[in-house]
Amino acid sequence: MMTAIEFRDVYFRYNEDAPWVLKKFNLKIEENETVAIIGHNGSGKSTIAKLANGLLVPQAGDILVNGRKLTASNVWEIRQNIGMVFQNPENQFVGTTVRDDVAFGLENRGIPRKEMIERIHTSLTQVGMENYQNHEPHNLSGGQKQRVAIASVMATYPEILLLDEATSMLDPRGRKEILSTIHDLKEELEITMVMITHDLHEIILTDRVIVMNQGQIYKDTTVDHLFNDYQGLQSIGLSLPLTVELAIELERQYDYQFTTYPLDNEEFLEALWTSNLKE
Amino acid sequence: MKSFMIIGQYVPGNSLIHRLDPRTKLIVIFTFVIIVFFANNSWSYGWLTLFALILVLLTRLRIGYILKGITPVWFLIFFTFILHLIITKEGSVLIEIAGFTIHEGGVLQGLTISLRFFLLVLVTSLLTLTTSPMEITDAIEALLGPLKKIKVPVHELALMMSISLRFIPTLLDETEKISKAQASRGVDLRTGSIKDRIYAIVPLLVPLFISAFKRAEELAMAMEARGYRGSEGRTKLRKLQFKSLDFMAMIIYVSIIIIFFSLRN
């Protein structure tokens, strides 16, 4: 298996007087892995995405993408394989219509017009926005805009998809839309996915969870084991999902035993009705 | 109301004029603006007026709507007419009121100048009425294309124009939000003297500018992440294509111009 993204002893700060955002930071993300990077604001999680994409340059250390070291001369080439979706749906919509926006990344890559039209159609279908080709951004909801942003990125056939808090500015409905879109993409394609988030609900989709705290990896684990140390998560400023909190209270007060903490209502229900079967 | 402001006056439609390539329309209107100044007798003026009126009919827009679109200019047209009426002292005196004389030449001059003015405004407004801002941007980019050779950043200018068009509704929304937020903090935008109201705009503009700059920064980053590095090696999705309709329109237009020049003195 190849390593998609690797950080080797990376140091980064925004300016000389500022404290280090990342300090001697090491991270390896394998090909086709789906990884969530979580942490409170200022834990350095967003910086990781921008460094991996060459939008920021580290003060020291190496960043390798698909085994190649990121340098000023190959950054544009490497960036072609990385798709990035940002936080604010409004501020990453470049085109005057949905169609133009998806085309933007393709135009930059010099894709012939005929192929562009095909790709626009396929990628908009992937995110369920194929009937909105001529819509203008101000007529779309936040969730729809964000789906277009994902389509724009997917049309360029990236090997790595970085989602930098892509759902944090959306209402619950928009968030649901995006999560199901991401879920579908994961089923359909082989792609390395890095989800940066502070919402613990979003990690259900991932294979691996990295918890960031003060520019360091606090914990590198999986969804099932993440909440075993819930006190630790709470102490670094992360709030637990309601179902997890409820499960913890049930354990504490009524002697329930959960093998893994449930992350949504269905899982919770499942855990509850099977809990008596074991005995 | 908002959508009205966004697209300027553009009225979507499917008339002959709507279907013309925006470059054709731009060329015709640009040359028409120059040609209007060559008219020098009633025949040539009549011919141009007829042409303009036929264009108006071809757009299939309501005449009332078109005239409403040029309301702000009516005053200017009237003003130029009055000015020429009073200032030009040629020909025989028609009326004399309180020391002011109105000459025959003045009436003639006033009429022709305001007719010129009217034709200019009417025809250019037909362009914006039947062509979306994006089409106009594309046409400008295509027509200015040759200037790239002398290092005029045509592509960048066109991109700037299209991004501004795209962000107009966003910033309008934002203005509305900010003005509500400021109103809730006691800023009064609706009453008071003009001076007071101008001062009241400051707390509206400052946050608007700050957020616009923030947006610009984020947008630049998103564009970079999507591989934007200038016009080099770029292909285009939007494509303008001259159709047989455009060639026909051009031939007709050229013959109209030839007839026009044979009509002048």
# chains A, B, ... in the order shown; residues from 1 in each chain; ligands from 1

$ residues_around --residues "Ile38 (chain A)" --least-positions-apart "5" --cutoff "9 Å" --atoms "only C-alpha atoms" --output "list in words"
Ser43, Lys45, Met195, Ile196, Thr197, His198, Asp199, Leu200, Ile203, Val209, Ile210, Val211, Met212, Asn213 and Leu238 of chain A

$ write_last_selection --atoms "C-alpha atoms" --output "PDB file, in the first residue's frame"
ATOM      1  CA  SER A  43      -5.704  22.766  17.485  1.00  0.00           C
ATOM      2  CA  LYS A  45      -6.362  20.650  12.256  1.00  0.00           C
ATOM      3  CA  MET A 195     -12.287  14.972   6.835  1.00  0.00           C
ATOM      4  CA  ILE A 196     -11.341  17.812   9.091  1.00  0.00           C
ATOM      5  CA  THR A 197     -14.085  18.562  11.543  1.00  0.00           C
ATOM      6  CA  HIS A 198     -14.971  19.504  15.064  1.00  0.00           C
ATOM      7  CA  ASP A 199     -18.277  17.690  14.835  1.00  0.00           C
ATOM      8  CA  LEU A 200     -18.002  14.236  16.347  1.00  0.00           C
ATOM      9  CA  ILE A 203     -16.635  10.533  12.158  1.00  0.00           C
ATOM     10  CA  VAL A 209      -9.791   9.101  13.779  1.00  0.00           C
ATOM     11  CA  ILE A 210      -6.971  11.442  14.648  1.00  0.00           C
ATOM     12  CA  VAL A 211      -7.541  13.761  17.581  1.00  0.00           C
ATOM     13  CA  MET A 212      -5.452  16.931  17.522  1.00  0.00           C
ATOM     14  CA  ASN A 213      -4.505  18.983  20.524  1.00  0.00           C
ATOM     15  CA  LEU A 238     -14.468  18.394  22.551  1.00  0.00           C
TER      16      LEU A 238
END

$ interface_residues --of "chain A" --to "chain B" --cutoff "6 Å" --atoms "only C-alpha atoms" --output "VMD selection string"
chain A and resid 91 to 92 96 105 107 to 108 110 113

$ select_by_dssp --residues "region 143-182 of chain A" --states "strand (DSSP E)" --output "list in words"
Ile160, Leu161, Leu162, Leu163 and Asp164 of chain A

$ residues_around --residues "Ser92 (chain B)" --least-positions-apart "2" --cutoff "10 Å" --atoms "only C-alpha atoms" --output "PyMOL selection string"
chain B and resi 89-90+94-95+101-106

$ atom_distance --atom1 "CA of Leu27 (chain A)" --atom2 "CA of His201 (chain A)"
23.0 Å

$ residues_around --residues "region 233-235 of chain A" --least-positions-apart "4" --cutoff "10 Å" --atoms "only C-alpha atoms" --output "number ranges by chain"
A: 39-40, 211, 213, 218-219, 226-229, 239-240

$ write_last_selection --atoms "N, CA and C atoms" --output "short mmCIF file (atom, residue, chain, number, x, y, z; two decimals), in the first residue's frame"
data_model
loop_
_atom_site.label_atom_id
_atom_site.label_comp_id
_atom_site.auth_asym_id
_atom_site.auth_seq_id
_atom_site.Cartn_x
_atom_site.Cartn_y
_atom_site.Cartn_z
N GLY A 39 -10.57 18.09 16.48
CA GLY A 39 -9.89 18.90 17.47
C GLY A 39 -10.66 20.18 17.66
N HIS A 40 -10.40 20.87 18.75
CA HIS A 40 -11.10 22.13 18.99
C HIS A 40 -10.48 23.20 18.10
N VAL A 211 -7.13 12.65 16.73
CA VAL A 211 -7.54 13.76 17.58
C VAL A 211 -6.35 14.69 17.76
N ASN A 213 -4.48 18.05 19.41
CA ASN A 213 -4.50 18.98 20.52
C ASN A 213 -3.17 19.71 20.58
N TYR A 218 -3.10 13.91 19.61
CA TYR A 218 -3.45 13.54 20.98
C TYR A 218 -3.80 12.06 21.02
N LYS A 219 -4.45 11.62 19.94
CA LYS A 219 -4.87 10.23 19.90
C LYS A 219 -5.05 9.81 18.45
N LEU A 226 -12.70 5.40 20.05
CA LEU A 226 -12.48 6.81 20.35
C LEU A 226 -13.02 7.21 21.72
N PHE A 227 -14.23 6.72 22.03
CA PHE A 227 -14.89 7.23 23.24
C PHE A 227 -14.53 6.44 24.51
N ASN A 228 -13.66 5.43 24.36
CA ASN A 228 -13.22 4.73 25.56
C ASN A 228 -12.59 5.70 26.56
N ASP A 229 -11.95 6.70 26.00
CA ASP A 229 -11.33 7.70 26.87
C ASP A 229 -12.10 9.02 26.71
N SER A 239 -16.89 18.28 22.61
CA SER A 239 -18.13 17.87 23.26
C SER A 239 -18.58 16.55 22.65
N LEU A 240 -19.12 15.67 23.49
CA LEU A 240 -19.49 14.33 23.05
C LEU A 240 -20.85 14.37 22.37
#

$ atom_distance --atom1 "CA of Gly95 (chain A)" --atom2 "CA of Ser179 (chain B)"
27.3 Å

$ select_by_dssp --residues "region 55-238 of chain A" --states "alpha helix (DSSP H)" --output "PyMOL selection string"
chain A and resi 75-79+98-108+113-126+142-154+172-188+223-226+230-235

$ atom_distance --atom1 "CA of Ile136 (chain B)" --atom2 "CA of Val123 (chain B)"
15.0 Å

$ residues_around --residues "Ser123 (chain A)" --least-positions-apart "2" --cutoff "10 Å" --atoms "only C-alpha atoms" --output "ChimeraX atom specification"
/A:102,118-121,125-130,148,150-157

$ residues_around --residues "region 205-207 of chain B" --least-positions-apart "5" --cutoff "10 Å" --atoms "only C-alpha atoms" --output "number ranges by chain"
B: 174-175, 178-179, 200, 212-213

$ write_last_selection --atoms "N, CA and C atoms" --output "mmCIF file, in the first residue's frame"
data_model
loop_
_atom_site.group_PDB
_atom_site.id
_atom_site.type_symbol
_atom_site.label_atom_id
_atom_site.label_comp_id
_atom_site.auth_asym_id
_atom_site.auth_seq_id
_atom_site.Cartn_x
_atom_site.Cartn_y
_atom_site.Cartn_z
ATOM 1 N N GLU B 174 -25.634 40.605 2.130
ATOM 2 C CA GLU B 174 -24.833 40.978 3.277
ATOM 3 C C GLU B 174 -25.165 42.400 3.732
ATOM 4 N N THR B 175 -25.312 43.302 2.758
ATOM 5 C CA THR B 175 -25.661 44.681 3.091
ATOM 6 C C THR B 175 -26.962 44.727 3.874
ATOM 7 N N ILE B 178 -26.352 43.475 7.401
ATOM 8 C CA ILE B 178 -25.622 44.442 8.215
ATOM 9 C C ILE B 178 -26.513 45.620 8.576
ATOM 10 N N SER B 179 -27.314 46.080 7.600
ATOM 11 C CA SER B 179 -28.132 47.261 7.900
ATOM 12 C C SER B 179 -29.181 46.909 8.946
ATOM 13 N N ALA B 200 -24.607 57.918 8.583
ATOM 14 C CA ALA B 200 -25.141 56.628 9.037
ATOM 15 C C ALA B 200 -24.693 55.478 8.149
ATOM 16 N N ALA B 212 -15.972 41.755 2.668
ATOM 17 C CA ALA B 212 -15.664 41.569 1.244
ATOM 18 C C ALA B 212 -14.202 41.174 1.058
ATOM 19 N N PHE B 213 -13.320 41.809 1.838
ATOM 20 C CA PHE B 213 -11.908 41.449 1.739
ATOM 21 C C PHE B 213 -11.667 40.020 2.207
#
